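The structure appears right after this line, and notes come after that.
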Amino acid sequence: MNLDSLTEQSGEWLRASGPEADIVISCRIRLARNLSSFPFTNRASTHQKAEIEQYLKGRLEKIDFEPRLEYVNLAPLSALDRQLLVERQLISRELANSEGPRGVAFAGSEIISVMVNEEDHVRMQVIRSGFTLDEAWQDADRLDDKLEEKVPYAFNEELGYLTACPTNVGTGMRASVMLHLPALVLTKQIEKVFRALQKINLAVRGLYGEGSRASGDFYQISNQVTLGKSETTIINEIRDVVPNIINYERQARQALTRENHAQVLDRVRRAFGVLKNAAMMTSEETMDLLSSVRLGVNLGLIDDIDIFKVNELFIHTQPAHLQKLLGRQLDSEERNTERARFLRNRLREMDSLN
Amino acid sequence: MNLDSLTEQSGEWLRASGPEADIVISCRIRLARNLSSFPFTNRASTHQKAEIEQYLKGRLEKIDFEPRLEYVNLAPLSALDRQLLVERQLISRELANSEGPRGVAFAGSEIISVMVNEEDHVRMQVIRSGFTLDEAWQDADRLDDKLEEKVPYAFNEELGYLTACPTNVGTGMRASVMLHLPALVLTKQIEKVFRALQKINLAVRGLYGEGSRASGDFYQISNQVTLGKSETTIINEIRDVVPNIINYERQARQALTRENHAQVLDRVRRAFGVLKNAAMMTSEETMDLLSSVRLGVNLGLIDDIDIFKVNELFIHTQPAHLQKLLGRQLDSEERNTERARFLRNRLREMDSLN
Amino acid sequence: MHKCERCASPATVHITEVLAEAKFEEHHVCETCYPKYMEDSQTKTGAAITSDAGAELEEALFGQQECPDCGIKFVDFRNSHRLGCSRDYQVFQNELLPLLENIHGETRHCGKTPRRYPQTKLAEAELTQLRQRLKRAVEREDYEEAARLRDQIKTVEDA
Amino acid sequence: MHKCERCASPATVHITEVLAEAKFEEHHVCETCYPKYMEDSQTKTGAAITSDAGAELEEALFGQQECPDCGIKFVDFRNSHRLGCSRDYQVFQNELLPLLENIHGETRHCGKTPRRYPQTKLAEAELTQLRQRLKRAVEREDYEEAARLRDQIKTVEDA
């Protein structure tokens, strides 16, 4: 698979389609599975990891599942290519930075990916655009069934799917919803949301998962508990709480439009102006400015800009994407210059198209 | 005279023509004169001030001088109209805010103005665009001669022209050069310039004179000493030092372009982007952003923008001008909104014209 | 060597308290102070910690078990926060159960089951049912039905 | 009433020190401390201040003069930083000269002069010269020249 072609398209999860897509970026189901006959990845020798990889690669390429998954061996890839896959959310930062035989199988649409030799032998995930938890679960469940036909999972009746970390045991499932909550951040109500979610055992993380800053006002909400509840119970709990957060964000947006219209308009316009004109731009600033622009588009303050294009910019301005798009390695300063140029060109293109 | 028409034109001193106009905005000669037969303004009764005004108004309108000066009685004017004249540098803030009979005579070109009942009975000034100290002095000298034909000045051979404050006695002349020094500010060398100028008894002030902040990176350099030196000696001293500052600023600009090209370009572009897009904008921020744009135009970083148009924006975005242009009183928040709108429209107009 | 966090004696009991989001907090006390620690922590964070601490005491007092498959001890898990193989869940069951209780609030899986896994389970249940129906068919002398059930049982048994 | 800034006695000497840009600094001392103040300020800021202070002492010790035209005292100027009329420059000459010296470094104007002002001056100089030439013409008995000069003097005198 030619990874460079990835930059010419966008993951399905960015499509800004699906229900509530102005606030819900994507839904994601991740299942952790292990082979019963091997030690967990952290205790497996390089030889064993190679065996695991060989075994899973063969089965992943042969399972009766559409779309066909293509396996990418991560070990020989450059750090840049691995980073590219991280930015597209096809692999975790941990898998990118770990050692030894490991890989990922995914299809062109990038809805589905299966990591091999991450913390668990198998980590499969489904990401879908919009508020589509159930659909994502159906895909993940189907893929899991198909793989299980070929692969004996580590499972016991008491504890369910056995995982390297006890925090994942049971269903091995992490269901998450990525929300764009700029108005709750602007009105300083986001902390309230955090506290409420923590009370009901839901975790809140940034765009790139655990430990990442919530840049661009993106927040990922996911279950903490994996044991003692069925997958549908867990998904229902999240599915039931998300509309409340959506409403809360919508109320905050309405309040901003009503009471601070000029300030919000100013913020959005300035962000747009800086993005269309700056000569240097860090990734962090890009996220923050694009977040304001995204809010502006959703509030109707900026006309005729495709929200999908804005979503895409969030990803295409990440370091690895930028370098791939330009076809060469760049140091941090060069990236800031090229990122600014890229944003200028893209945003002006959009403007003139409309 | 219909003051509203002022906003449709620009003072000659903004024209950005004349030598070194990229750095030297304007040169100004101010002469303080008093009538020998009246107490100074601060000790004159309202009745006396009315007499002084009547006396000077009659003579100013009749002197044999081109262009013809038109007298404007300031007392009945609204605060807004007086502020308008301050922003155009036709009168001082002090005269605008003082009480009693007072006025100003000026011609359409706004090169020459004569204040009546300021701190001294007569304060005449000539402002010219670019590095044109000598020309400004010739005008002022000629006007002074013509007025003196009709008016007996308070003068003594020992101390020269007698003024209300001993800091002006002697020539009664303040010669000043307004410089735009953004690169010296950016490279943090401006303090050095201050210290050097203070050593040779030259004062440095902001755009609107004494005590005003040097916003927009504008600095006014003027003589401190008025006694014991002839007018030409004073002017020569300033005329000789200004080229050094110009060179210093040019070197700083070259160094920026050479060593920090990306940063400067970024600053300029961002300023331009914010000006063209913001929804709210204070006068202070406008000055700072326009200063960056002005630097950008002079460094060739922004194409095809008329520097005169940029100079004009500095003045037209001042509070009174803005309100005059819109034809109504605005509170501070409304001004910020209208200023942003005005800047957006003007800058986009310029862009599309080019 | 750790000192007891409640007196100056050497600590012999090492407790790992599990906090939210799989964070761990280490405690070291001596045997004399241990009952008092238990009492406090019980009132503080509930019974789960106590059993965990109880398991820890057991471990501390009666030696450390090792997984025969992957070779890790429970202390290795405490350091890496990762188990070595799926058998560890059985080997360290006593230590893990209170921890799981603490993380998930539950200790029994009740979600999805691999299809192949319940297939055998299902087959057994089906066979039990088929054998009962065969027995009843024989009782009422419906041997046509009995023959059909016999063949069906054979098919399931051979699957 | 001010107290002496060097001891607790009532201040009788009030000094205005002129700093850069026409800023003023007030000092209040008693007569006893005044010589010491003088000494310090002399070493600190030079002679100009001393003469200013000297004038101040004079004023403080021998009463305050008032301008007969505008009616201000020097203390009024010290408070407002503005003079009341052009005559003040003569009335307060002693006080102003050191101040001017301090601000401008000079005390004598040498710039432009109003045209009408030197016209009379010029006329006087011209007349002096013409009268001398007339005197010399009479001495050498050149009465044609003397008659021309007489008419010329008459013209200048009538101007």
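In the structure tokens, the first chain shown is A, the next is B, and so on; residue numbers restart at 1 for each chain, and ligands run from 1 in the order shown.
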Do me a favour and pick out the residues of chain C within 6 Å of chain A, using only C-alpha atoms, as a PDB file with all heavy atoms, in the first residue's frame.
```pdb
ATOM      1  N   ARG C  82       0.967  -4.145  33.620  1.00  0.00           N
ATOM      2  CA  ARG C  82       0.573  -5.043  32.537  1.00  0.00           C
ATOM      3  C   ARG C  82       0.756  -6.480  32.999  1.00  0.00           C
ATOM      4  O   ARG C  82       1.774  -6.797  33.624  1.00  0.00           O
ATOM      5  CB  ARG C  82       1.453  -4.832  31.290  1.00  0.00           C
ATOM      6  CG  ARG C  82       1.378  -3.456  30.668  1.00  0.00           C
ATOM      7  CD  ARG C  82       0.085  -3.226  29.910  1.00  0.00           C
ATOM      8  NE  ARG C  82       0.032  -1.865  29.395  1.00  0.00           N
ATOM      9  CZ  ARG C  82      -0.422  -0.799  30.084  1.00  0.00           C
ATOM     10  NH1 ARG C  82      -0.870  -0.961  31.312  1.00  0.00           N
ATOM     11  NH2 ARG C  82      -0.439   0.388  29.535  1.00  0.00           N
ATOM     12  N   LEU C  83      -0.197  -7.320  32.649  1.00  0.00           N
ATOM     13  CA  LEU C  83      -0.038  -8.741  32.919  1.00  0.00           C
ATOM     14  C   LEU C  83       0.787  -9.365  31.806  1.00  0.00           C
ATOM     15  O   LEU C  83       0.956  -8.767  30.733  1.00  0.00           O
ATOM     16  CB  LEU C  83      -1.427  -9.405  33.006  1.00  0.00           C
ATOM     17  CG  LEU C  83      -2.272  -8.927  34.201  1.00  0.00           C
ATOM     18  CD1 LEU C  83      -3.739  -9.311  34.006  1.00  0.00           C
ATOM     19  CD2 LEU C  83      -1.733  -9.493  35.522  1.00  0.00           C
ATOM     20  N   GLY C  84       1.310 -10.584  32.077  1.00  0.00           N
ATOM     21  CA  GLY C  84       2.206 -11.217  31.109  1.00  0.00           C
ATOM     22  C   GLY C  84       1.511 -12.154  30.141  1.00  0.00           C
ATOM     23  O   GLY C  84       1.968 -12.329  29.010  1.00  0.00           O
ATOM     24  N   CYS C  85       0.426 -12.800  30.598  1.00  0.00           N
ATOM     25  CA  CYS C  85      -0.307 -13.679  29.692  1.00  0.00           C
ATOM     26  C   CYS C  85      -1.700 -13.900  30.260  1.00  0.00           C
ATOM     27  O   CYS C  85      -1.989 -13.508  31.391  1.00  0.00           O
ATOM     28  CB  CYS C  85       0.420 -15.016  29.498  1.00  0.00           C
ATOM     29  SG  CYS C  85       0.340 -16.080  30.960  1.00  0.00           S
ATOM     30  N   SER C  86      -2.548 -14.552  29.504  1.00  0.00           N
ATOM     31  CA  SER C  86      -3.941 -14.671  29.923  1.00  0.00           C
ATOM     32  C   SER C  86      -4.066 -15.567  31.168  1.00  0.00           C
ATOM     33  O   SER C  86      -5.011 -15.435  31.933  1.00  0.00           O
ATOM     34  CB  SER C  86      -4.801 -15.191  28.771  1.00  0.00           C
ATOM     35  OG  SER C  86      -4.211 -16.324  28.188  1.00  0.00           O
ATOM     36  N   HIS C 104     -13.819  -1.628  37.922  1.00  0.00           N
ATOM     37  CA  HIS C 104     -15.053  -1.764  37.139  1.00  0.00           C
ATOM     38  C   HIS C 104     -16.323  -1.820  37.987  1.00  0.00           C
ATOM     39  O   HIS C 104     -17.417  -1.768  37.438  1.00  0.00           O
ATOM     40  CB  HIS C 104     -14.971  -3.031  36.277  1.00  0.00           C
ATOM     41  CG  HIS C 104     -13.807  -3.053  35.335  1.00  0.00           C
ATOM     42  ND1 HIS C 104     -13.751  -2.293  34.202  1.00  0.00           N
ATOM     43  CD2 HIS C 104     -12.619  -3.728  35.372  1.00  0.00           C
ATOM     44  CE1 HIS C 104     -12.604  -2.503  33.562  1.00  0.00           C
ATOM     45  NE2 HIS C 104     -11.889  -3.374  34.260  1.00  0.00           N
ATOM     46  N   GLU C 106     -17.442  -4.310  39.158  1.00  0.00           N
ATOM     47  CA  GLU C 106     -17.980  -5.664  38.938  1.00  0.00           C
ATOM     48  C   GLU C 106     -16.810  -6.635  38.750  1.00  0.00           C
ATOM     49  O   GLU C 106     -15.698  -6.210  38.424  1.00  0.00           O
ATOM     50  CB  GLU C 106     -18.827  -5.708  37.652  1.00  0.00           C
ATOM     51  CG  GLU C 106     -20.021  -4.782  37.636  1.00  0.00           C
ATOM     52  CD  GLU C 106     -21.200  -5.364  38.400  1.00  0.00           C
ATOM     53  OE1 GLU C 106     -21.199  -6.596  38.664  1.00  0.00           O
ATOM     54  OE2 GLU C 106     -22.116  -4.585  38.763  1.00  0.00           O
ATOM     55  N   ARG C 108     -17.599  -9.852  37.176  1.00  0.00           N
ATOM     56  CA  ARG C 108     -18.069 -10.906  36.247  1.00  0.00           C
ATOM     57  C   ARG C 108     -18.430 -10.317  34.898  1.00  0.00           C
ATOM     58  O   ARG C 108     -19.226  -9.390  34.792  1.00  0.00           O
ATOM     59  CB  ARG C 108     -19.308 -11.599  36.814  1.00  0.00           C
ATOM     60  CG  ARG C 108     -19.040 -12.913  37.510  1.00  0.00           C
ATOM     61  CD  ARG C 108     -20.325 -13.722  37.639  1.00  0.00           C
ATOM     62  NE  ARG C 108     -20.587 -14.492  36.432  1.00  0.00           N
ATOM     63  CZ  ARG C 108     -20.091 -15.721  36.225  1.00  0.00           C
ATOM     64  NH1 ARG C 108     -19.369 -16.301  37.147  1.00  0.00           N
ATOM     65  NH2 ARG C 108     -20.344 -16.376  35.100  1.00  0.00           N
ATOM     66  N   HIS C 109     -17.842 -10.938  33.867  1.00  0.00           N
ATOM     67  CA  HIS C 109     -18.149 -10.508  32.503  1.00  0.00           C
ATOM     68  C   HIS C 109     -19.593 -10.818  32.180  1.00  0.00           C
ATOM     69  O   HIS C 109     -20.088 -11.886  32.544  1.00  0.00           O
ATOM     70  CB  HIS C 109     -17.217 -11.251  31.539  1.00  0.00           C
ATOM     71  CG  HIS C 109     -17.463 -10.928  30.089  1.00  0.00           C
ATOM     72  ND1 HIS C 109     -17.417  -9.643  29.594  1.00  0.00           N
ATOM     73  CD2 HIS C 109     -17.740 -11.727  29.017  1.00  0.00           C
ATOM     74  CE1 HIS C 109     -17.650  -9.664  28.286  1.00  0.00           C
ATOM     75  NE2 HIS C 109     -17.860 -10.922  27.912  1.00  0.00           N
ATOM     76  N   CYS C 110     -20.270  -9.870  31.540  1.00  0.00           N
ATOM     77  CA  CYS C 110     -21.594 -10.249  31.053  1.00  0.00           C
ATOM     78  C   CYS C 110     -21.844  -9.660  29.688  1.00  0.00           C
ATOM     79  O   CYS C 110     -22.960  -9.262  29.362  1.00  0.00           O
ATOM     80  CB  CYS C 110     -22.691  -9.893  32.049  1.00  0.00           C
ATOM     81  SG  CYS C 110     -22.895  -8.147  32.320  1.00  0.00           S
ATOM     82  N   GLY C 111     -20.778  -9.596  28.882  1.00  0.00           N
ATOM     83  CA  GLY C 111     -20.933  -9.082  27.522  1.00  0.00           C
ATOM     84  C   GLY C 111     -20.826 -10.210  26.514  1.00  0.00           C
ATOM     85  O   GLY C 111     -21.171 -11.360  26.796  1.00  0.00           O
TER      86      GLY C 111
END
```
Compute the set of chain B residues within 9 Å of chain A, using only C-alpha atoms, and express it as a PDB file with all heavy atoms, in the first residue's frame.
```
ATOM      1  N   ALA B 262      11.006  35.584   7.787  1.00  0.00           N
ATOM      2  CA  ALA B 262       9.770  34.836   8.015  1.00  0.00           C
ATOM      3  C   ALA B 262       8.944  35.473   9.133  1.00  0.00           C
ATOM      4  O   ALA B 262       7.730  35.631   9.008  1.00  0.00           O
ATOM      5  CB  ALA B 262      10.083  33.380   8.343  1.00  0.00           C
ATOM      6  N   GLN B 263       9.616  35.851  10.220  1.00  0.00           N
ATOM      7  CA  GLN B 263       8.906  36.440  11.350  1.00  0.00           C
ATOM      8  C   GLN B 263       8.242  37.762  10.966  1.00  0.00           C
ATOM      9  O   GLN B 263       7.109  38.030  11.353  1.00  0.00           O
ATOM     10  CB  GLN B 263       9.848  36.693  12.535  1.00  0.00           C
ATOM     11  CG  GLN B 263      10.199  35.452  13.336  1.00  0.00           C
ATOM     12  CD  GLN B 263      11.329  34.651  12.719  1.00  0.00           C
ATOM     13  OE1 GLN B 263      11.755  34.934  11.597  1.00  0.00           O
ATOM     14  NE2 GLN B 263      11.803  33.646  13.426  1.00  0.00           N
ATOM     15  N   VAL B 264       9.001  38.583  10.219  1.00  0.00           N
ATOM     16  CA  VAL B 264       8.461  39.882   9.826  1.00  0.00           C
ATOM     17  C   VAL B 264       7.286  39.699   8.873  1.00  0.00           C
ATOM     18  O   VAL B 264       6.231  40.307   9.042  1.00  0.00           O
ATOM     19  CB  VAL B 264       9.545  40.765   9.172  1.00  0.00           C
ATOM     20  CG1 VAL B 264       8.931  42.052   8.657  1.00  0.00           C
ATOM     21  CG2 VAL B 264      10.642  41.062  10.170  1.00  0.00           C
ATOM     22  N   LEU B 265       7.494  38.833   7.896  1.00  0.00           N
ATOM     23  CA  LEU B 265       6.432  38.538   6.937  1.00  0.00           C
ATOM     24  C   LEU B 265       5.189  38.064   7.684  1.00  0.00           C
ATOM     25  O   LEU B 265       4.067  38.493   7.411  1.00  0.00           O
ATOM     26  CB  LEU B 265       6.908  37.461   5.961  1.00  0.00           C
ATOM     27  CG  LEU B 265       5.925  37.101   4.843  1.00  0.00           C
ATOM     28  CD1 LEU B 265       5.700  38.301   3.941  1.00  0.00           C
ATOM     29  CD2 LEU B 265       6.430  35.915   4.038  1.00  0.00           C
ATOM     30  N   ASP B 266       5.421  37.190   8.658  1.00  0.00           N
ATOM     31  CA  ASP B 266       4.316  36.645   9.453  1.00  0.00           C
ATOM     32  C   ASP B 266       3.582  37.764  10.182  1.00  0.00           C
ATOM     33  O   ASP B 266       2.355  37.841  10.160  1.00  0.00           O
ATOM     34  CB  ASP B 266       4.871  35.635  10.451  1.00  0.00           C
ATOM     35  CG  ASP B 266       3.770  34.917  11.209  1.00  0.00           C
ATOM     36  OD1 ASP B 266       2.839  34.430  10.549  1.00  0.00           O
ATOM     37  OD2 ASP B 266       3.856  34.848  12.444  1.00  0.00           O
ATOM     38  N   ARG B 267       4.349  38.640  10.809  1.00  0.00           N
ATOM     39  CA  ARG B 267       3.766  39.741  11.565  1.00  0.00           C
ATOM     40  C   ARG B 267       2.924  40.636  10.669  1.00  0.00           C
ATOM     41  O   ARG B 267       1.797  40.996  10.997  1.00  0.00           O
ATOM     42  CB  ARG B 267       4.921  40.540  12.180  1.00  0.00           C
ATOM     43  CG  ARG B 267       4.474  41.596  13.153  1.00  0.00           C
ATOM     44  CD  ARG B 267       5.655  42.498  13.502  1.00  0.00           C
ATOM     45  NE  ARG B 267       5.213  43.564  14.364  1.00  0.00           N
ATOM     46  CZ  ARG B 267       5.085  43.457  15.674  1.00  0.00           C
ATOM     47  NH1 ARG B 267       5.388  42.328  16.272  1.00  0.00           N
ATOM     48  NH2 ARG B 267       4.663  44.476  16.398  1.00  0.00           N
ATOM     49  N   VAL B 268       3.499  40.944   9.512  1.00  0.00           N
ATOM     50  CA  VAL B 268       2.834  41.839   8.571  1.00  0.00           C
ATOM     51  C   VAL B 268       1.550  41.194   8.036  1.00  0.00           C
ATOM     52  O   VAL B 268       0.481  41.802   8.029  1.00  0.00           O
ATOM     53  CB  VAL B 268       3.798  42.179   7.408  1.00  0.00           C
ATOM     54  CG1 VAL B 268       3.052  42.857   6.276  1.00  0.00           C
ATOM     55  CG2 VAL B 268       4.937  43.051   7.922  1.00  0.00           C
ATOM     56  N   ARG B 269       1.680  39.944   7.638  1.00  0.00           N
ATOM     57  CA  ARG B 269       0.541  39.240   7.065  1.00  0.00           C
ATOM     58  C   ARG B 269      -0.584  39.077   8.078  1.00  0.00           C
ATOM     59  O   ARG B 269      -1.759  39.211   7.774  1.00  0.00           O
ATOM     60  CB  ARG B 269       0.977  37.851   6.580  1.00  0.00           C
ATOM     61  CG  ARG B 269       1.754  37.892   5.302  1.00  0.00           C
ATOM     62  CD  ARG B 269       0.992  37.137   4.203  1.00  0.00           C
ATOM     63  NE  ARG B 269       1.754  37.082   2.981  1.00  0.00           N
ATOM     64  CZ  ARG B 269       2.580  36.087   2.667  1.00  0.00           C
ATOM     65  NH1 ARG B 269       2.740  35.068   3.495  1.00  0.00           N
ATOM     66  NH2 ARG B 269       3.225  36.102   1.532  1.00  0.00           N
ATOM     67  N   ARG B 270      -0.198  38.729   9.321  1.00  0.00           N
ATOM     68  CA  ARG B 270      -1.210  38.562  10.355  1.00  0.00           C
ATOM     69  C   ARG B 270      -1.930  39.879  10.617  1.00  0.00           C
ATOM     70  O   ARG B 270      -3.154  39.921  10.758  1.00  0.00           O
ATOM     71  CB  ARG B 270      -0.572  38.094  11.661  1.00  0.00           C
ATOM     72  CG  ARG B 270      -0.342  36.622  11.696  1.00  0.00           C
ATOM     73  CD  ARG B 270       0.563  36.254  12.864  1.00  0.00           C
ATOM     74  NE  ARG B 270       0.892  34.853  12.780  1.00  0.00           N
ATOM     75  CZ  ARG B 270       0.366  33.910  13.546  1.00  0.00           C
ATOM     76  NH1 ARG B 270      -0.467  34.228  14.502  1.00  0.00           N
ATOM     77  NH2 ARG B 270       0.690  32.652  13.384  1.00  0.00           N
ATOM     78  N   ALA B 271      -1.151  40.954  10.695  1.00  0.00           N
ATOM     79  CA  ALA B 271      -1.742  42.267  10.932  1.00  0.00           C
ATOM     80  C   ALA B 271      -2.766  42.556   9.834  1.00  0.00           C
ATOM     81  O   ALA B 271      -3.898  42.957  10.107  1.00  0.00           O
ATOM     82  CB  ALA B 271      -0.652  43.334  10.946  1.00  0.00           C
ATOM     83  N   PHE B 272      -2.346  42.303   8.593  1.00  0.00           N
ATOM     84  CA  PHE B 272      -3.215  42.536   7.445  1.00  0.00           C
ATOM     85  C   PHE B 272      -4.463  41.661   7.538  1.00  0.00           C
ATOM     86  O   PHE B 272      -5.588  42.121   7.327  1.00  0.00           O
ATOM     87  CB  PHE B 272      -2.419  42.221   6.180  1.00  0.00           C
ATOM     88  CG  PHE B 272      -2.958  42.875   4.951  1.00  0.00           C
ATOM     89  CD1 PHE B 272      -3.278  44.223   4.953  1.00  0.00           C
ATOM     90  CD2 PHE B 272      -3.114  42.157   3.780  1.00  0.00           C
ATOM     91  CE1 PHE B 272      -3.766  44.839   3.803  1.00  0.00           C
ATOM     92  CE2 PHE B 272      -3.608  42.757   2.638  1.00  0.00           C
ATOM     93  CZ  PHE B 272      -3.934  44.095   2.648  1.00  0.00           C
ATOM     94  N   GLY B 273      -4.253  40.408   7.893  1.00  0.00           N
ATOM     95  CA  GLY B 273      -5.360  39.463   8.006  1.00  0.00           C
ATOM     96  C   GLY B 273      -6.357  39.873   9.070  1.00  0.00           C
ATOM     97  O   GLY B 273      -7.570  39.809   8.866  1.00  0.00           O
ATOM     98  N   VAL B 274      -5.845  40.309  10.212  1.00  0.00           N
ATOM     99  CA  VAL B 274      -6.739  40.718  11.302  1.00  0.00           C
ATOM    100  C   VAL B 274      -7.489  41.990  10.903  1.00  0.00           C
ATOM    101  O   VAL B 274      -8.698  42.092  11.083  1.00  0.00           O
ATOM    102  CB  VAL B 274      -5.963  40.904  12.624  1.00  0.00           C
ATOM    103  CG1 VAL B 274      -6.856  41.548  13.684  1.00  0.00           C
ATOM    104  CG2 VAL B 274      -5.441  39.566  13.127  1.00  0.00           C
ATOM    105  N   LEU B 275      -6.779  42.936  10.302  1.00  0.00           N
ATOM    106  CA  LEU B 275      -7.429  44.184   9.885  1.00  0.00           C
ATOM    107  C   LEU B 275      -8.535  43.928   8.876  1.00  0.00           C
ATOM    108  O   LEU B 275      -9.573  44.580   8.893  1.00  0.00           O
ATOM    109  CB  LEU B 275      -6.399  45.144   9.281  1.00  0.00           C
ATOM    110  CG  LEU B 275      -5.476  45.859  10.266  1.00  0.00           C
ATOM    111  CD1 LEU B 275      -4.323  46.527   9.533  1.00  0.00           C
ATOM    112  CD2 LEU B 275      -6.255  46.889  11.081  1.00  0.00           C
ATOM    113  N   LYS B 276      -8.319  42.973   7.990  1.00  0.00           N
ATOM    114  CA  LYS B 276      -9.308  42.716   6.942  1.00  0.00           C
ATOM    115  C   LYS B 276     -10.460  41.853   7.417  1.00  0.00           C
ATOM    116  O   LYS B 276     -11.416  41.635   6.688  1.00  0.00           O
ATOM    117  CB  LYS B 276      -8.647  42.031   5.738  1.00  0.00           C
ATOM    118  CG  LYS B 276      -7.909  43.019   4.854  1.00  0.00           C
ATOM    119  CD  LYS B 276      -7.742  42.489   3.448  1.00  0.00           C
ATOM    120  CE  LYS B 276      -6.861  41.251   3.421  1.00  0.00           C
ATOM    121  NZ  LYS B 276      -6.503  40.866   2.056  1.00  0.00           N
ATOM    122  N   ASN B 277     -10.368  41.305   8.635  1.00  0.00           N
ATOM    123  CA  ASN B 277     -11.379  40.342   9.041  1.00  0.00           C
ATOM    124  C   ASN B 277     -12.037  40.599  10.393  1.00  0.00           C
ATOM    125  O   ASN B 277     -13.127  40.103  10.628  1.00  0.00           O
ATOM    126  CB  ASN B 277     -10.777  38.935   9.043  1.00  0.00           C
ATOM    127  CG  ASN B 277     -10.516  38.424   7.642  1.00  0.00           C
ATOM    128  OD1 ASN B 277     -11.416  37.941   6.975  1.00  0.00           O
ATOM    129  ND2 ASN B 277      -9.281  38.568   7.171  1.00  0.00           N
ATOM    130  N   ALA B 278     -11.344  41.322  11.277  1.00  0.00           N
ATOM    131  CA  ALA B 278     -11.879  41.475  12.645  1.00  0.00           C
ATOM    132  C   ALA B 278     -13.259  42.115  12.631  1.00  0.00           C
ATOM    133  O   ALA B 278     -13.616  42.849  11.705  1.00  0.00           O
ATOM    134  CB  ALA B 278     -10.927  42.303  13.493  1.00  0.00           C
ATOM    135  N   ALA B 279     -14.026  41.833  13.672  1.00  0.00           N
ATOM    136  CA  ALA B 279     -15.354  42.421  13.796  1.00  0.00           C
ATOM    137  C   ALA B 279     -15.374  43.540  14.828  1.00  0.00           C
ATOM    138  O   ALA B 279     -16.330  44.281  14.936  1.00  0.00           O
ATOM    139  CB  ALA B 279     -16.375  41.352  14.156  1.00  0.00           C
ATOM    140  N   MET B 280     -14.293  43.638  15.614  1.00  0.00           N
ATOM    141  CA  MET B 280     -14.169  44.713  16.601  1.00  0.00           C
ATOM    142  C   MET B 280     -12.709  45.126  16.673  1.00  0.00           C
ATOM    143  O   MET B 280     -11.823  44.279  16.608  1.00  0.00           O
ATOM    144  CB  MET B 280     -14.615  44.221  17.982  1.00  0.00           C
ATOM    145  CG  MET B 280     -16.092  43.980  18.079  1.00  0.00           C
ATOM    146  SD  MET B 280     -16.608  43.764  19.794  1.00  0.00           S
ATOM    147  CE  MET B 280     -15.730  42.274  20.196  1.00  0.00           C
ATOM    148  N   MET B 281     -12.485  46.414  16.845  1.00  0.00           N
ATOM    149  CA  MET B 281     -11.108  46.873  16.797  1.00  0.00           C
ATOM    150  C   MET B 281     -10.975  48.200  17.537  1.00  0.00           C
ATOM    151  O   MET B 281     -11.626  49.171  17.196  1.00  0.00           O
ATOM    152  CB  MET B 281     -10.731  47.049  15.323  1.00  0.00           C
ATOM    153  CG  MET B 281      -9.338  47.470  15.063  1.00  0.00           C
ATOM    154  SD  MET B 281      -8.167  46.115  15.070  1.00  0.00           S
ATOM    155  CE  MET B 281      -8.732  45.190  13.660  1.00  0.00           C
ATOM    156  N   THR B 337     -16.816  48.354  16.693  1.00  0.00           N
ATOM    157  CA  THR B 337     -17.465  47.576  15.642  1.00  0.00           C
ATOM    158  C   THR B 337     -17.379  48.306  14.304  1.00  0.00           C
ATOM    159  O   THR B 337     -17.027  47.714  13.282  1.00  0.00           O
ATOM    160  CB  THR B 337     -18.952  47.333  16.008  1.00  0.00           C
ATOM    161  OG1 THR B 337     -18.998  46.777  17.320  1.00  0.00           O
ATOM    162  CG2 THR B 337     -19.604  46.389  15.025  1.00  0.00           C
TER     163      THR B 337
END
```
#### Entry: Residues within 6 Å of region 97-106 of chain B, only C-alpha atoms, excluding chain neighbours under 2 positions, as a count of residues only
17
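Here the strand (DSSP E or B) residues in region 177-233 of chain A, by DSSP on the backbone, are A:Val177, A:Met178, A:Leu179, A:His180, A:Leu202, A:Ala203, A:Val204, A:Arg205, A:Gly206, A:Gly209, A:Phe218, A:Tyr219, A:Gln220, A:Ile221, A:Ser222, A:Asn223.
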Worksheet entry | Those in region 21-113 of chain A with alpha helix (DSSP H) from DSSP, as a PyMOL selection string | chain A and resi 46-62+79-87+93-97
Atom pair CA of Gly108 (chain A) + CA of Pro114 (chain C), distance 27.5 Å
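Interatomic distance, CA of Leu326 (chain B) to CA of Glu338 (chain B): 8.4 Å.
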From CA of Glu66 (chain C) to CA of Pro98 (chain C) the spacing works out at 19.0 Å
